[in-house]
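Student: Dropping the structure in here first, questions after.
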Amino acid sequence: MRDISEMATVLTNKLEEKLEKLKQAQRDTAKVIWEDTVNEAPLNVGGYISSIKLSDTDFKDDVIKTSVYSDLTVWWEKIGKNIPLSAFLEWGTGPLGESSNDYPHGYPYTTDAPWNYETMAQFLDTGTWGMEARPHFYPALQKNIALYKDNLRKALKEE
């Protein structure tokens, strides 16, 4: 029995080491995605860049999770909740946003979204409702898919 017990301990330790390497691979990739997102952010005013955060890396329910997000929100009366300002910047707003965005998301385009001065000025100048999409999160993610795969490959490589 002692041999089986020792083998189980060795295997458990190896699995835990691999898990830590996988978590680090994800963390390293997420840091690069965060840097790319910040560098491509369309606004450098009002604390927007400093609102772009990198979460801790967590492991729960067999999922390793790290997030790059903005914690700067605006109230959207239409749906009755705060929405990250980054969503409006990323995907645009109104018909102009809808026509200029190529990336998938879950927010509806509408003409009664909360408009800012820039959007209103654009409407007065062009007669077009909305704000053009200025993606910076999604492109940073897409740009680093190969890096993520490479980091995972290295983490799983047997020593």
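Within each chain, counting starts at residue 1; across the structure tokens, chains are named A, B, ... in the order shown, with ligands numbered 1 upward in that order.
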Quick one: everything within 9 Å of Asn144 in chain A, counting only C-alpha atoms, minus sequence neighbours fewer than 2 positions away in the same chain. Send it as a PyMOL selection string.
Tutor: chain A and resi 29-30+32-33+139-142+146-149
Student: Would you save the residues of that selection, restricted to all heavy atoms, as a PDB file, in the first residue's frame?
Tutor:
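Output contents, as saved in again07.pdb:
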```
ATOM      1  N   THR A  29      -0.166  35.855 -20.469  1.00  0.00           N
ATOM      2  CA  THR A  29      -0.855  36.255 -21.694  1.00  0.00           C
ATOM      3  C   THR A  29      -1.811  37.411 -21.413  1.00  0.00           C
ATOM      4  O   THR A  29      -1.861  38.385 -22.173  1.00  0.00           O
ATOM      5  CB  THR A  29      -1.629  35.077 -22.299  1.00  0.00           C
ATOM      6  OG1 THR A  29      -0.750  33.964 -22.464  1.00  0.00           O
ATOM      7  CG2 THR A  29      -2.231  35.451 -23.643  1.00  0.00           C
ATOM      8  N   ALA A  30      -2.558  37.324 -20.332  1.00  0.00           N
ATOM      9  CA  ALA A  30      -3.517  38.380 -19.987  1.00  0.00           C
ATOM     10  C   ALA A  30      -2.811  39.717 -19.750  1.00  0.00           C
ATOM     11  O   ALA A  30      -3.343  40.770 -20.106  1.00  0.00           O
ATOM     12  CB  ALA A  30      -4.317  37.977 -18.755  1.00  0.00           C
ATOM     13  N   VAL A  32      -0.144  40.794 -21.305  1.00  0.00           N
ATOM     14  CA  VAL A  32       0.156  41.332 -22.633  1.00  0.00           C
ATOM     15  C   VAL A  32      -1.130  41.884 -23.271  1.00  0.00           C
ATOM     16  O   VAL A  32      -1.118  42.967 -23.872  1.00  0.00           O
ATOM     17  CB  VAL A  32       0.802  40.257 -23.540  1.00  0.00           C
ATOM     18  CG1 VAL A  32       0.960  40.762 -24.966  1.00  0.00           C
ATOM     19  CG2 VAL A  32       2.161  39.842 -22.972  1.00  0.00           C
ATOM     20  N   ILE A  33      -2.241  41.172 -23.109  1.00  0.00           N
ATOM     21  CA  ILE A  33      -3.528  41.651 -23.638  1.00  0.00           C
ATOM     22  C   ILE A  33      -3.895  42.974 -22.966  1.00  0.00           C
ATOM     23  O   ILE A  33      -4.335  43.921 -23.630  1.00  0.00           O
ATOM     24  CB  ILE A  33      -4.627  40.597 -23.443  1.00  0.00           C
ATOM     25  CG1 ILE A  33      -4.333  39.376 -24.313  1.00  0.00           C
ATOM     26  CG2 ILE A  33      -6.011  41.169 -23.745  1.00  0.00           C
ATOM     27  CD1 ILE A  33      -5.207  38.170 -24.022  1.00  0.00           C
ATOM     28  N   PRO A 139      -9.586  43.462 -30.337  1.00  0.00           N
ATOM     29  CA  PRO A 139      -8.378  43.290 -31.160  1.00  0.00           C
ATOM     30  C   PRO A 139      -7.156  42.849 -30.332  1.00  0.00           C
ATOM     31  O   PRO A 139      -6.351  42.056 -30.806  1.00  0.00           O
ATOM     32  CB  PRO A 139      -8.153  44.677 -31.766  1.00  0.00           C
ATOM     33  CG  PRO A 139      -9.496  45.308 -31.783  1.00  0.00           C
ATOM     34  CD  PRO A 139     -10.173  44.791 -30.532  1.00  0.00           C
ATOM     35  N   ALA A 140      -7.047  43.353 -29.107  1.00  0.00           N
ATOM     36  CA  ALA A 140      -5.924  42.929 -28.253  1.00  0.00           C
ATOM     37  C   ALA A 140      -6.022  41.442 -27.937  1.00  0.00           C
ATOM     38  O   ALA A 140      -5.013  40.729 -27.927  1.00  0.00           O
ATOM     39  CB  ALA A 140      -5.898  43.760 -26.969  1.00  0.00           C
ATOM     40  N   LEU A 141      -7.240  40.974 -27.689  1.00  0.00           N
ATOM     41  CA  LEU A 141      -7.451  39.545 -27.442  1.00  0.00           C
ATOM     42  C   LEU A 141      -7.092  38.724 -28.675  1.00  0.00           C
ATOM     43  O   LEU A 141      -6.333  37.748 -28.593  1.00  0.00           O
ATOM     44  CB  LEU A 141      -8.908  39.303 -27.046  1.00  0.00           C
ATOM     45  CG  LEU A 141      -9.326  37.851 -26.854  1.00  0.00           C
ATOM     46  CD1 LEU A 141      -8.614  37.235 -25.666  1.00  0.00           C
ATOM     47  CD2 LEU A 141     -10.841  37.764 -26.682  1.00  0.00           C
ATOM     48  N   GLN A 142      -7.616  39.108 -29.825  1.00  0.00           N
ATOM     49  CA  GLN A 142      -7.362  38.368 -31.063  1.00  0.00           C
ATOM     50  C   GLN A 142      -5.885  38.347 -31.421  1.00  0.00           C
ATOM     51  O   GLN A 142      -5.362  37.332 -31.888  1.00  0.00           O
ATOM     52  CB  GLN A 142      -8.170  38.979 -32.212  1.00  0.00           C
ATOM     53  CG  GLN A 142      -9.673  38.839 -32.050  1.00  0.00           C
ATOM     54  CD  GLN A 142     -10.104  37.388 -31.944  1.00  0.00           C
ATOM     55  OE1 GLN A 142      -9.795  36.592 -32.808  1.00  0.00           O
ATOM     56  NE2 GLN A 142     -10.789  37.051 -30.877  1.00  0.00           N
ATOM     57  N   ALA A 146      -2.209  33.427 -30.560  1.00  0.00           N
ATOM     58  CA  ALA A 146      -1.034  32.573 -30.799  1.00  0.00           C
ATOM     59  C   ALA A 146      -0.099  32.577 -29.586  1.00  0.00           C
ATOM     60  O   ALA A 146       0.451  31.533 -29.223  1.00  0.00           O
ATOM     61  CB  ALA A 146      -0.285  33.032 -32.047  1.00  0.00           C
ATOM     62  N   LEU A 147       0.055  33.729 -28.952  1.00  0.00           N
ATOM     63  CA  LEU A 147       0.880  33.813 -27.744  1.00  0.00           C
ATOM     64  C   LEU A 147       0.299  32.925 -26.648  1.00  0.00           C
ATOM     65  O   LEU A 147       1.043  32.197 -25.966  1.00  0.00           O
ATOM     66  CB  LEU A 147       0.978  35.262 -27.256  1.00  0.00           C
ATOM     67  CG  LEU A 147       1.670  35.460 -25.906  1.00  0.00           C
ATOM     68  CD1 LEU A 147       3.149  35.086 -25.993  1.00  0.00           C
ATOM     69  CD2 LEU A 147       1.494  36.889 -25.420  1.00  0.00           C
ATOM     70  N   TYR A 148      -1.013  32.968 -26.479  1.00  0.00           N
ATOM     71  CA  TYR A 148      -1.665  32.150 -25.463  1.00  0.00           C
ATOM     72  C   TYR A 148      -1.438  30.663 -25.724  1.00  0.00           C
ATOM     73  O   TYR A 148      -1.075  29.901 -24.823  1.00  0.00           O
ATOM     74  CB  TYR A 148      -3.154  32.471 -25.419  1.00  0.00           C
ATOM     75  CG  TYR A 148      -3.896  31.820 -24.281  1.00  0.00           C
ATOM     76  CD1 TYR A 148      -3.389  31.805 -22.991  1.00  0.00           C
ATOM     77  CD2 TYR A 148      -5.135  31.232 -24.491  1.00  0.00           C
ATOM     78  CE1 TYR A 148      -4.078  31.218 -21.945  1.00  0.00           C
ATOM     79  CE2 TYR A 148      -5.843  30.645 -23.458  1.00  0.00           C
ATOM     80  CZ  TYR A 148      -5.308  30.639 -22.189  1.00  0.00           C
ATOM     81  OH  TYR A 148      -6.002  30.058 -21.156  1.00  0.00           O
ATOM     82  N   LYS A 149      -1.617  30.247 -26.969  1.00  0.00           N
ATOM     83  CA  LYS A 149      -1.392  28.836 -27.313  1.00  0.00           C
ATOM     84  C   LYS A 149       0.055  28.440 -27.042  1.00  0.00           C
ATOM     85  O   LYS A 149       0.317  27.351 -26.520  1.00  0.00           O
ATOM     86  CB  LYS A 149      -1.740  28.590 -28.778  1.00  0.00           C
ATOM     87  CG  LYS A 149      -3.218  28.635 -29.066  1.00  0.00           C
ATOM     88  CD  LYS A 149      -3.489  28.425 -30.551  1.00  0.00           C
ATOM     89  CE  LYS A 149      -4.951  28.451 -30.872  1.00  0.00           C
ATOM     90  NZ  LYS A 149      -5.215  28.291 -32.320  1.00  0.00           N
TER      91      LYS A 149
END
```
Student: Go through A:Leu22, A:Thr9, A:Leu72, A:Ser50 and flag the residue nearest Glu35 in chain A, using only C-alpha atoms for the distances.
Tutor: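 That would be A:Ser50, the residue with the smallest distance to Glu35 in chain A.
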Student: Pick from A:Tyr48, A:Tyr103, A:Trp34, A:Tyr109: nearest to Thr73 in chain A, with only C-alpha atoms counted?
Tutor: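 Among A:Tyr48, A:Tyr103, A:Trp34, A:Tyr109, it is A:Tyr48 that comes nearest to Thr73 in chain A.
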Student: My list of candidates is A:Thr93, A:Ser70, A:Asn13, A:Gln24. Which is closest to Thr57 in chain A when distances are computed with only C-alpha atoms?
Tutor: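 Going through A:Thr93, A:Ser70, A:Asn13, A:Gln24 one by one, the smallest distance to Thr57 in chain A is for A:Gln24.
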Student: Can you measure CA of Lys143 in chain A to CA of Asp36 in chain A for me? One decimal in Å is fine.
Tutor: 8.8 Å
Student: Rounded to one decimal place, report the CA of Asn82 in chain A-CA of Tyr107 in chain A distance in Å.
Tutor: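 Spanning CA of Asn82 in chain A to CA of Tyr107 in chain A is a straight-line distance of 12.3 Å.
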Student: Report, in Å with one decimal, the straight-line distance from CA of Ile145 in chain A to CA of Glu132 in chain A.
Tutor: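 For CA of Ile145 in chain A relative to CA of Glu132 in chain A, the distance reads 25.8 Å.
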Student: Near Leu156 in chain A, counting only C-alpha atoms, which residues have an atom at most 12 Å away, once you skip same-chain residues fewer than 4 positions from it, shown as a list of chain:residue names?
Tutor: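 Skipping anything fewer than 4 positions along the chain leaves A:Lys14, A:Leu15, A:Glu16, A:Glu17, A:Lys18, A:Leu19, A:Glu20, A:Lys21, A:Leu22, A:Lys23, A:Gln24, A:Ala25, A:Lys149, A:Asp150, A:Asn151, A:Leu152.
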Student: If you run DSSP on this backbone, which residues of range 11-118 of chain A come out as alpha helix (DSSP H), and could you give them as number ranges by chain?
Tutor: A: 11-40, 48-51, 85-91, 94-100, 117-118
Student: Give the answer as one residue: which of A:Leu96, A:Met7, A:Gln26, A:Thr37 has the shortest atom-to-atom distance to Val68 in chain A, using only C-alpha atoms?
Tutor: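 The answer is A:Thr37, which sits nearest to Val68 in chain A.
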